[in-house]
Every structure is written in C-alpha cells, then in structure tokens.
Amino acid sequence: MPQIICKNLSVGYNGIPAAKNINFTIEKGGYLCIIGENGSGKSTLIKTLLNLIKPVSGSIEFSDGLTQNSIGYLPQHSDVQNDFPACVREIVLSGFLGKKKVNAFYSKDEKKEVSRLLSLLGIEGLENKAFSKLSGGQKQRVLLARALCACDGLLVLDEPVSGLDPDATKEMYETVQRLNSEQNISVIMITHDMQAVEKYAKQILKIGE
C-alpha cells in the first residue's frame with residue numbers, strides 16, 4: 001500500500017521552483033534514493049515532504065497511517081552540536097518530543113524503546129556516554145536512533161554518510177538496509193554515492209537535468 005504519492009510536485013522557496021514536475025510513489029517497505037547535482041533541489045524536496053516548507057505546486061498524499069509528523073528524519077547537518085552536554089540516552093529520548101502534545105516526562109515504554117533501538121543499532125554500551133566523546137560513526141548511529149523514535153514507518157536520510165570514514169560509511173549503509181529489510185521501515189535517502197544506489201535502492205529519483 002502506498003505511504004506517499006507525489007503528483008506534479010514543484011518545490012522551492014518564495015514561490016520560485018528549485019525542482020519541477022516531481023512524481024513518485026513510496027510503497028510500504030520501499031527504498032528510494034534521490035540523486036542529482038548540488039543545488040538541484042534534493043534537500044528542498046525532503047523539507048517539503050516534512051512540511052518544513054510548502055510546495056510551490058502539485059500535491060503530496062499520505063496514507064497507510066503515515067503523517068508528516070511521524071516521519072523519522074536524519075538531516076545532513078544535525079541540530080545536535082558536537083560538544084552538546086548530554087548523554088546518548090538523553091539525545092535519543094529527545095526524538096519522542098515531536099509526538100508529545102505537552103511537555104511531559106518520558107514514559108516507561110519510551111525508555112524501553114530507546115534501549116531496544118540502541119541494541120538494534122549496536123550501540124547499547126554507549127547509553128550513558130557523553131555524546132561529545134563519541135566517534136563520527138557512533139554519533140551518526142545515535143542520531144539515527146533519535147530519528148527512529150519519531151518514525152512510524154518511514155525514515156528520511158539526507159546524505160547520512162557525509163563526513164564518515166569508509167568503515168563507518170559501510171556500517172551505516174548496512175544498518176539502514178537492515179532497518180528496511182528486517183523492520184520493514186521505508187527509506188528515502190539523498191546520496192551522491194552511486195555504488196550505494198545500485199546496491200540498495202529499490203527506486204531511484206533523479207532531480208534536475
């Protein structure tokens with residue numbers, strides 16, 4: 001069943017399109033890679049899907065229980081600073097904040113889910129470690145766990161391996177693949193890595209000429 005259907009979508013800022021006539025459908029369990037040159041509108045499309053900016057024209061339809069507030073998002077540049085004075089557990093728990101109608105304590109179920117996600121991503125031993133003390137690959141896994149706390153079936157990744165070394169890059173791709181194949185989480189990923197596209201993508205969307 002489709003989760004997202006985009007029809008004749010144009011995206012941009014102040015009514016000026018950065019990318020036009022975008023059409024695609026994401027099925028449950030899909031894996032879509034978005035490719036294109038820098039400045040072609042890839043990140044703008046993602047921000048439009050997330051309702052961070054409004055579409056210039058066209059339509060975005062959500063179904064299968066998916067809403068714009070239930071998409072897990074790992075941006076290219078995180079809002080968590082490298083020297084942020086918080087432990088891994090606190091960072092991951094913050095992923096639930098978007099689902100809360102009022103400021104409230106985290107529930108037992110949310111805390112259990114954090115433990116499950118840390119184990120799933122192979123970083124359960126880092127729960128009480130300061131985020132600032134982690135390696136680049138570990139930080140990215142923590143931020144992925146945070147995105148999964150907000151995720152109800154769709155994970156959106158904007159160049160998730162940017163700045164990672166080859167080993168951490170391989171681990172990140174393999175982790176996302178497991179989430180897709182074993183957890184049936186749909187994936188939309190922006191990447192310039194054509195080898196990754198050929199290996200993992202079920203669909204490819206090229207933005208721009």
# chains A, B, ... in the order shown; residues from 1 in each chain; ligands from 1
$ select_by_dssp --residues "range 33-110 of chain A" --states "alpha helix (DSSP H)" --output "number ranges by chain"
A: 42-49, 88-93, 108-110
$ residues_around --residues "Leu74 in chain A" --least-positions-apart "6" --cutoff "9 Å" --atoms "only C-alpha atoms" --output "list in words"
Gln140, Leu143, Leu144, Arg146, Ala147, Leu155, Val156, Leu157, Asp158, Glu159 and Pro160 of chain A
$ closest_residue --among "A:Ile204, A:Leu49, A:Leu66, A:Ile22" --to "Gln3 in chain A" --atoms "only C-alpha atoms"
A:Leu66
$ residues_around --residues "Ala150 in chain A" --least-positions-apart "4" --cutoff "6 Å" --atoms "only C-alpha atoms" --output "PyMOL selection string"
chain A and resi 70+72+95-96
$ select_by_dssp --residues "chain A" --states "strand (DSSP E)" --output "PyMOL selection string"
chain A and resi 2-13+16-27+31-35+57-62+71-74+154-158+186-190+203-206
$ residues_around --residues "Leu50 in chain A" --least-positions-apart "2" --cutoff "12 Å" --atoms "only C-alpha atoms" --output "MDAnalysis selection string"
chainID A and resid 4 43:48 52:55 60 62 66:75 154:157 188
$ closest_residue --among "A:Leu205, A:Ser132, A:Gly30, A:Arg89" --to "Asn184 in chain A" --atoms "only C-alpha atoms"
A:Gly30
$ decode --residues "range 85-99 of chain A" --atoms "N, CA and C atoms" --output "PDB file, in the first residue's frame"
ATOM      1  N   PRO A  85      26.259  19.019  25.855  1.00  0.00           N
ATOM      2  CA  PRO A  85      26.485  18.334  27.139  1.00  0.00           C
ATOM      3  C   PRO A  85      25.334  17.403  27.516  1.00  0.00           C
ATOM      4  N   ALA A  86      25.190  16.315  26.806  1.00  0.00           N
ATOM      5  CA  ALA A  86      24.135  15.342  27.095  1.00  0.00           C
ATOM      6  C   ALA A  86      24.671  13.953  26.802  1.00  0.00           C
ATOM      7  N   CYS A  87      24.082  12.963  27.464  1.00  0.00           N
ATOM      8  CA  CYS A  87      24.491  11.587  27.212  1.00  0.00           C
ATOM      9  C   CYS A  87      23.676  11.013  26.060  1.00  0.00           C
ATOM     10  N   VAL A  88      24.105   9.869  25.572  1.00  0.00           N
ATOM     11  CA  VAL A  88      23.461   9.219  24.430  1.00  0.00           C
ATOM     12  C   VAL A  88      21.980   8.979  24.699  1.00  0.00           C
ATOM     13  N   ARG A  89      21.658   8.469  25.851  1.00  0.00           N
ATOM     14  CA  ARG A  89      20.258   8.169  26.189  1.00  0.00           C
ATOM     15  C   ARG A  89      19.386   9.421  26.096  1.00  0.00           C
ATOM     16  N   GLU A  90      19.874  10.549  26.584  1.00  0.00           N
ATOM     17  CA  GLU A  90      19.107  11.791  26.548  1.00  0.00           C
ATOM     18  C   GLU A  90      18.896  12.275  25.116  1.00  0.00           C
ATOM     19  N   ILE A  91      19.926  12.136  24.289  1.00  0.00           N
ATOM     20  CA  ILE A  91      19.811  12.542  22.883  1.00  0.00           C
ATOM     21  C   ILE A  91      18.753  11.712  22.172  1.00  0.00           C
ATOM     22  N   VAL A  92      18.796  10.409  22.369  1.00  0.00           N
ATOM     23  CA  VAL A  92      17.855   9.528  21.672  1.00  0.00           C
ATOM     24  C   VAL A  92      16.430   9.767  22.168  1.00  0.00           C
ATOM     25  N   LEU A  93      16.244   9.897  23.467  1.00  0.00           N
ATOM     26  CA  LEU A  93      14.914  10.158  24.011  1.00  0.00           C
ATOM     27  C   LEU A  93      14.285  11.415  23.427  1.00  0.00           C
ATOM     28  N   SER A  94      15.100  12.407  23.093  1.00  0.00           N
ATOM     29  CA  SER A  94      14.565  13.665  22.557  1.00  0.00           C
ATOM     30  C   SER A  94      13.832  13.457  21.239  1.00  0.00           C
ATOM     31  N   GLY A  95      14.040  12.316  20.599  1.00  0.00           N
ATOM     32  CA  GLY A  95      13.312  12.025  19.368  1.00  0.00           C
ATOM     33  C   GLY A  95      11.818  11.880  19.572  1.00  0.00           C
ATOM     34  N   PHE A  96      11.382  11.626  20.804  1.00  0.00           N
ATOM     35  CA  PHE A  96       9.955  11.489  21.089  1.00  0.00           C
ATOM     36  C   PHE A  96       9.254  12.830  21.277  1.00  0.00           C
ATOM     37  N   LEU A  97      10.002  13.922  21.401  1.00  0.00           N
ATOM     38  CA  LEU A  97       9.396  15.204  21.749  1.00  0.00           C
ATOM     39  C   LEU A  97       8.357  15.664  20.732  1.00  0.00           C
ATOM     40  N   GLY A  98       8.606  15.372  19.451  1.00  0.00           N
ATOM     41  CA  GLY A  98       7.669  15.806  18.417  1.00  0.00           C
ATOM     42  C   GLY A  98       6.315  15.130  18.505  1.00  0.00           C
ATOM     43  N   LYS A  99       6.239  14.004  19.206  1.00  0.00           N
ATOM     44  CA  LYS A  99       4.975  13.280  19.343  1.00  0.00           C
ATOM     45  C   LYS A  99       4.177  13.722  20.556  1.00  0.00           C
TER      46      LYS A  99
END
